[in-house]
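Below you'll find the structure, written out as structure tokens, and then a few comments.
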Amino acid sequence: MIEESVFIEFNRQMGNDIWLMGFRSEALASLAKPGQFLMIRIQGNSQDPLIRRPFSIHGIGEGNIILILYQTVGRFTSLLSLTRNHDQISVIGPLGKGFRLPGSKQGAVLVAGGMGLAPMYFLAQALPPDARRNAKLFIGFSTFQGAGLIDLIKGLGLQVSLATEDGSMGFTGTVTDLFEQAIDRDAPEEPVIYACGPHAMLKKIAQKAGRLNLTCYVSLESYMACGLGICLGCAIRAARNQDTEYYYVCKDGPVFSAEIIDWEAL
Amino acid sequence: MAITPDLSVDIGGLRIKNPVIAASGTFGYGTELSPFYDPSLLGAIVVKGLSLQPMPGNPPPRTVETPCGLLNSIGLANIGINAFIKEKLPLLADTAAPVIVNIYGNSVGEYSELAGRIEGVDGISAIEVNISCPNVEKGGMVFGTDPETASKVTDGVVKRTTKPVIVKLTPNVADIAVIAKAVESAGAGALSVTNTFLGMSVDIASRRPVLTNVVGGLSGPAIKPMALYLTYRAVEAVKIPVIGLGGIMNHQDAIEFLLVGARAIQVGTANFINPRAALEIVHGLRNFCERENLSDINHLIGSLIKE
């Protein structure tokens with residue numbers, strides 16, 4: 001884990017409110033694993049916003065470019081979208097526990113709800129070529145966000161299906177509906193489910209995976225003040241059979257095996 | 001010719017090599033920020049508040065940012081004093097900075113029992129008594145808002161320990177001087193002023209409090225002027241050393257607290273934002289003393305010019 005000041009190489013709008021940012025870091029490129037995250041601070045001496053924000057590592061591009069995919073949802077991400085090439089940001093990472101990759105005979109099924117797409121590109125990058133070609137990715141948005149976003153991940157060669165709630169592109173409905181139909185109809189052998197998105201969506205995916213007795217990993221989001229396991233802010237309730245009451249998203253996650261989470265409390 | 005300033009200060013019987021202390025709850029159990037620097041370089045470290053039994057903490061969400069501030073309702077989640085002594089303290093054996101243990105009890109008796117457990121344990125240099133946590137149902141801040149109870153808790157701890165006793169006060173009182181004097185009379189060696197200010201934040205879309213606990217404690221630069229005033233007020237009220245804290249982000253902030261008479265300062269929320277903040281404050285204080293030709297940082301402490 002390192003703290004580094006980096007210069008933004010690019011920061012471009014990919015959809016209505018979705019941005020892709022890149023900066024160069026040899027150290028992070030060599031350390032980072034899919035599913036891990038960074039704590040980002042925009043301006044060195046700014047006290048508002050005060051606290052760093054966690055961002056999944058979206059992937060690693062050529063020349064040790066660290067990619068961050070984000071949605072402008074509040075003041076911090078709005079300010080982040082205003083940063084330009086050569087602006088400096090401070091990053092701490094890589095943090096947390098990432099995804100456990102599928103075994104050689106297992107198929108990967110990736111399910112992303114909205115910004116849940118953030119860690120999936122890196123996960124797809126890390127799959128061996130054969131597994132990647134056979135991997136399925138289900139992405140859902142409330143409305144179509146533009147082709148650029150989808151083309152980027154399609155470029156990795158996996159099978160991509162898109163759902164929009166308003167029917168503006170692809171399957172009309174939620175990504176959960178799309179996933180449930182697909183997994184019933186045409187599941188790969190021994191699929192491992194990787195899901196990231198809103199808690200309500202993850203709960204449904206986890207329940208479906210549980211009913212089918214499939215291995216399922218979820219990447220969770222939480223408020224957190226430090227990302228380092230110090231503030232103890234990012235607590236999530238552990239399932240009743242676990243030997244702890246709470247897990248911490250920054251240290252124990254952000255990727256969790258779905259069965260150890262108390263989905264009713266989330 | 002450049003002088004090498006002496007940064008060491010005495011806080012109620014504990015001599016520390018510089019006046020910069022990592023605040024409880026923002027420095028883990030002492031080793032979490034070691035990837036960034038050697039904590040030995042700090043004056044002292046105060047570990048996460050410890051209770052007799054492990055505590056799971058409050059239901060999430062536990063933190064939310066407010067303008068220039070951080071609102072938290074962690075609820076004193078901790079592993080308990082026994083697990084700390086057994087599992088965490090040995091990891092600090094090579095840390096040259098004194099370790100101060102912050103304790104929290106559900107009753108006056110529990111505070112003294114905690115002091116008893118710590119007595120005789122090597123590697124713990126002092127006790128910080130937390131009578132100011134706003135985030136627990138029982139006890140916590142209640143002990144710190146009534147001078148008589150604050151005095152009883154202090155007395156109970158002082159009687160069970162030979163280690164220096166620092167009492168951490170809450171700002172959520174009408175007059176901190178009253179509590180400060182009560183705690184001093186009961187035998188406290190020093191005061192930490194101050195803990196977080198009660199606050200809340202509301203999500204207007206859901207019309208619900210952001211924090212499940214409804215209220216939380218506010219920290220960060222937003223509280224600095226108030227914490228500075230309370231430090232000033234406490235320094236005037238008592239003869240024992242006062243450790244100032246609340247929103248200190250850099251060495252300039254730290255110097256403000258020293259000028260109003262704080263013998264040392266603690267760095268809290270800043271550790272989350274800049275993991276090297278506390279160390280940078282040590283360097284900043286040293287440079288300031290050099291520039292100002294101060295041979296001893298004690299010459300700076302309390303040197304506020306009021307007229």
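In the structure tokens, chains take letters A, B, ... by order of appearance, with residues numbered from 1 within each chain and ligands from 1 in the order shown.
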Polymer residues at most 12 Å from range 297-304 of chain B, only C-alpha atoms, same-chain spacing of 5 or more positions, as an NGL selection string: :B and (4-11 or 17-20 or 231-232 or 235-236 or 241-244 or 254-265 or 282 or 285-290 or 292)
Next, dump the selected residues to file, keeping only N, CA and C atoms, as a short mmCIF file (atom, residue, chain, number, x, y, z; two decimals), in the first residue's frame.
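Produced file part.cif, reproduced below:
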```cif
data_model
loop_
_atom_site.label_atom_id
_atom_site.label_comp_id
_atom_site.auth_asym_id
_atom_site.auth_seq_id
_atom_site.Cartn_x
_atom_site.Cartn_y
_atom_site.Cartn_z
N THR B 4 19.20 23.62 17.35
CA THR B 4 18.31 22.46 17.31
C THR B 4 17.35 22.58 18.48
N PRO B 5 16.10 22.93 18.19
CA PRO B 5 15.18 23.20 19.29
C PRO B 5 14.83 21.93 20.06
N ASP B 6 14.65 22.09 21.35
CA ASP B 6 14.18 20.98 22.19
C ASP B 6 12.66 20.99 22.12
N LEU B 7 12.10 19.90 21.58
CA LEU B 7 10.64 19.83 21.41
C LEU B 7 9.95 19.08 22.53
N SER B 8 10.74 18.59 23.50
CA SER B 8 10.13 17.70 24.50
C SER B 8 9.27 18.48 25.50
N VAL B 9 8.21 17.83 25.92
CA VAL B 9 7.30 18.43 26.89
C VAL B 9 6.91 17.39 27.94
N ASP B 10 6.36 17.86 29.04
CA ASP B 10 5.92 16.97 30.11
C ASP B 10 4.41 17.07 30.24
N ILE B 11 3.75 15.91 30.10
CA ILE B 11 2.29 15.93 30.27
C ILE B 11 1.90 15.07 31.48
N LYS B 17 8.96 13.25 23.61
CA LYS B 17 10.06 13.93 22.90
C LYS B 17 9.59 15.05 22.00
N ASN B 18 8.31 15.04 21.65
CA ASN B 18 7.73 16.18 20.95
C ASN B 18 6.24 16.22 21.31
N PRO B 19 5.59 17.36 21.10
CA PRO B 19 4.23 17.51 21.63
C PRO B 19 3.13 16.99 20.70
N VAL B 20 3.48 16.13 19.76
CA VAL B 20 2.49 15.66 18.78
C VAL B 20 2.07 14.23 19.11
N THR B 231 -9.82 24.79 24.80
CA THR B 231 -8.47 24.54 25.31
C THR B 231 -8.00 25.76 26.11
N TYR B 232 -8.19 26.92 25.52
CA TYR B 232 -7.82 28.19 26.17
C TYR B 232 -8.52 28.32 27.53
N VAL B 235 -7.13 25.74 30.03
CA VAL B 235 -5.78 26.13 30.48
C VAL B 235 -5.88 27.18 31.59
N GLU B 236 -6.83 28.10 31.42
CA GLU B 236 -7.00 29.14 32.44
C GLU B 236 -7.56 28.58 33.74
N PRO B 241 -1.32 20.08 33.06
CA PRO B 241 -1.18 20.29 31.62
C PRO B 241 -2.45 19.95 30.85
N VAL B 242 -2.70 20.72 29.81
CA VAL B 242 -3.83 20.47 28.93
C VAL B 242 -3.29 20.08 27.55
N ILE B 243 -3.82 18.98 27.04
CA ILE B 243 -3.48 18.55 25.68
C ILE B 243 -4.62 19.02 24.78
N GLY B 244 -4.30 19.82 23.77
CA GLY B 244 -5.34 20.40 22.92
C GLY B 244 -5.58 19.55 21.69
N ALA B 254 -1.54 23.49 15.00
CA ALA B 254 -0.93 23.01 16.25
C ALA B 254 -0.35 24.17 17.05
N ILE B 255 0.30 25.10 16.36
CA ILE B 255 0.92 26.24 17.05
C ILE B 255 -0.14 27.11 17.71
N GLU B 256 -1.28 27.26 17.07
CA GLU B 256 -2.37 28.03 17.71
C GLU B 256 -2.71 27.44 19.08
N PHE B 257 -2.84 26.11 19.11
CA PHE B 257 -3.17 25.45 20.38
C PHE B 257 -2.05 25.64 21.41
N LEU B 258 -0.80 25.52 20.95
CA LEU B 258 0.33 25.69 21.88
C LEU B 258 0.34 27.12 22.42
N LEU B 259 0.06 28.08 21.56
CA LEU B 259 0.08 29.49 21.99
C LEU B 259 -0.95 29.77 23.08
N VAL B 260 -2.13 29.13 22.98
CA VAL B 260 -3.13 29.38 24.03
C VAL B 260 -2.85 28.55 25.28
N GLY B 261 -1.78 27.77 25.24
CA GLY B 261 -1.35 27.11 26.47
C GLY B 261 -1.41 25.59 26.48
N ALA B 262 -1.80 24.98 25.37
CA ALA B 262 -1.78 23.51 25.33
C ALA B 262 -0.34 23.03 25.46
N ARG B 263 -0.10 22.07 26.34
CA ARG B 263 1.26 21.54 26.54
C ARG B 263 1.65 20.59 25.41
N ALA B 264 0.63 19.99 24.83
CA ALA B 264 0.85 19.09 23.69
C ALA B 264 -0.43 19.14 22.87
N ILE B 265 -0.40 18.52 21.71
CA ILE B 265 -1.60 18.50 20.88
C ILE B 265 -1.83 17.08 20.36
N VAL B 282 5.12 17.38 13.31
CA VAL B 282 6.37 17.35 14.08
C VAL B 282 7.44 18.16 13.33
N LEU B 285 6.67 21.91 13.34
CA LEU B 285 6.94 22.57 14.62
C LEU B 285 8.44 22.81 14.78
N ARG B 286 9.23 21.82 14.39
CA ARG B 286 10.68 21.96 14.50
C ARG B 286 11.16 23.13 13.63
N ASN B 287 10.68 23.17 12.40
CA ASN B 287 11.08 24.25 11.49
C ASN B 287 10.64 25.61 12.02
N PHE B 288 9.45 25.65 12.59
CA PHE B 288 8.93 26.92 13.12
C PHE B 288 9.83 27.41 14.26
N CYS B 289 10.19 26.50 15.16
CA CYS B 289 11.05 26.88 16.28
C CYS B 289 12.41 27.37 15.78
N GLU B 290 12.93 26.70 14.77
CA GLU B 290 14.22 27.12 14.21
C GLU B 290 14.12 28.53 13.63
N GLU B 292 12.00 30.79 14.35
CA GLU B 292 11.72 31.78 15.40
C GLU B 292 12.82 31.84 16.45
#
```
Chain A contacts to chain B at 7 Å (only C-alpha atoms) as a list of chain:residue names: A:Gln47, A:Asp48, A:Pro49, A:Leu50, A:Ile51, A:Arg52, A:Tyr223, A:Met224, A:Ala225, A:Cys226, A:Ile230, A:Cys231, A:Leu232, A:Gly233, A:Ala235, A:Ile236, A:Glu245, A:Tyr246
Long-range neighbours of Ile66 in chain A as number ranges by chain, 10 Å cut-off, only C-alpha atoms, 6 positions minimum in chain: A: 8-9, 21-26, 28-29, 32, 57-60
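By chain and then residue number, the residues within 6 Å of Ala23 in chain B are Val46, Gln266, Val267 and Gly268 of chain B, counting only C-alpha atoms and disregarding those fewer than 4 positions away in sequence.
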Show me, as a PDB file with C-alpha atoms, in the first residue's frame, the residues that have an atom within 7 Å of Tyr194 in chain A when counting only C-alpha atoms, minus same-chain residues fewer than 3 positions from it.
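This is the output file result_18.pdb:
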```
ATOM      1  CA  VAL A 109     -20.470 -14.617 -14.789  1.00  0.00           C
ATOM      2  CA  LEU A 110     -20.111 -10.898 -14.096  1.00  0.00           C
ATOM      3  CA  VAL A 111     -23.135  -8.813 -13.098  1.00  0.00           C
ATOM      4  CA  CYS A 216     -21.049 -15.787  -5.535  1.00  0.00           C
ATOM      5  CA  TYR A 217     -18.770 -12.868  -4.746  1.00  0.00           C
ATOM      6  CA  VAL A 218     -20.107  -9.375  -4.234  1.00  0.00           C
TER       7      VAL A 218
END
```
Members of range 72-226 of chain A assigned helix (DSSP H, G or I) by DSSP, as a VMD selection string: chain A and resid 75 to 82 114 to 117 120 to 126 129 to 134 147 to 154 175 to 185 199 to 211
Residue contacts of Gly146 in chain A (9 Å, only C-alpha atoms) excluding same-chain residues fewer than 2 positions away, as an MDAnalysis selection string: chainID A and resid 14:16 144 148:150
Residue selection dump (all heavy atoms) as a compact mmCIF listing (two decimals), in the first residue's frame:
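For reference, result_8.txt as written:
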```
# COMPACT_ATOMS: atom_id res chain seq x y z
N MET A 14 -17.96 9.50 -20.45
CA MET A 14 -18.24 8.28 -21.21
C MET A 14 -19.74 8.10 -21.41
O MET A 14 -20.18 7.34 -22.27
CB MET A 14 -17.71 7.06 -20.47
CG MET A 14 -16.23 7.08 -20.19
SD MET A 14 -15.26 7.00 -21.71
CE MET A 14 -15.46 5.29 -22.19
N GLY A 15 -20.53 8.73 -20.57
CA GLY A 15 -21.99 8.59 -20.66
C GLY A 15 -22.62 9.84 -20.08
O GLY A 15 -21.93 10.85 -19.91
N ASN A 16 -23.91 9.77 -19.77
CA ASN A 16 -24.61 10.95 -19.25
C ASN A 16 -23.88 11.55 -18.05
O ASN A 16 -23.63 12.74 -18.00
CB ASN A 16 -26.03 10.57 -18.82
CG ASN A 16 -26.79 9.89 -19.93
OD1 ASN A 16 -26.47 10.08 -21.11
ND2 ASN A 16 -27.78 9.09 -19.57
N PHE A 144 -29.73 4.27 -21.19
CA PHE A 144 -28.52 4.01 -21.97
C PHE A 144 -27.48 5.10 -21.75
O PHE A 144 -27.80 6.28 -21.81
CB PHE A 144 -28.87 3.89 -23.45
CG PHE A 144 -27.71 3.50 -24.32
CD1 PHE A 144 -26.96 2.36 -24.04
CD2 PHE A 144 -27.36 4.26 -25.43
CE1 PHE A 144 -25.89 1.99 -24.84
CE2 PHE A 144 -26.30 3.89 -26.23
CZ PHE A 144 -25.57 2.76 -25.94
N GLY A 148 -19.66 4.07 -25.90
CA GLY A 148 -18.23 4.04 -25.56
C GLY A 148 -17.92 3.17 -24.36
O GLY A 148 -16.96 2.39 -24.34
N LEU A 149 -18.79 3.30 -23.37
CA LEU A 149 -18.63 2.57 -22.11
C LEU A 149 -18.67 1.05 -22.34
O LEU A 149 -17.87 0.30 -21.79
CB LEU A 149 -19.79 2.99 -21.21
CG LEU A 149 -19.68 2.80 -19.74
CD1 LEU A 149 -18.52 3.59 -19.19
CD2 LEU A 149 -20.98 3.28 -19.09
N ILE A 150 -19.62 0.62 -23.17
CA ILE A 150 -19.82 -0.81 -23.41
C ILE A 150 -18.72 -1.33 -24.35
O ILE A 150 -18.19 -2.42 -24.14
CB ILE A 150 -21.21 -1.05 -24.07
CG1 ILE A 150 -22.31 -0.31 -23.30
CG2 ILE A 150 -21.51 -2.55 -24.16
CD1 ILE A 150 -22.52 -0.75 -21.89
```
Selection near Ile89 in chain A, 10 Å with only C-alpha atoms, sequence-local residues under 3 positions removed, as a PyMOL selection string: chain A and resi 4-8+23+40-44+80+83+86
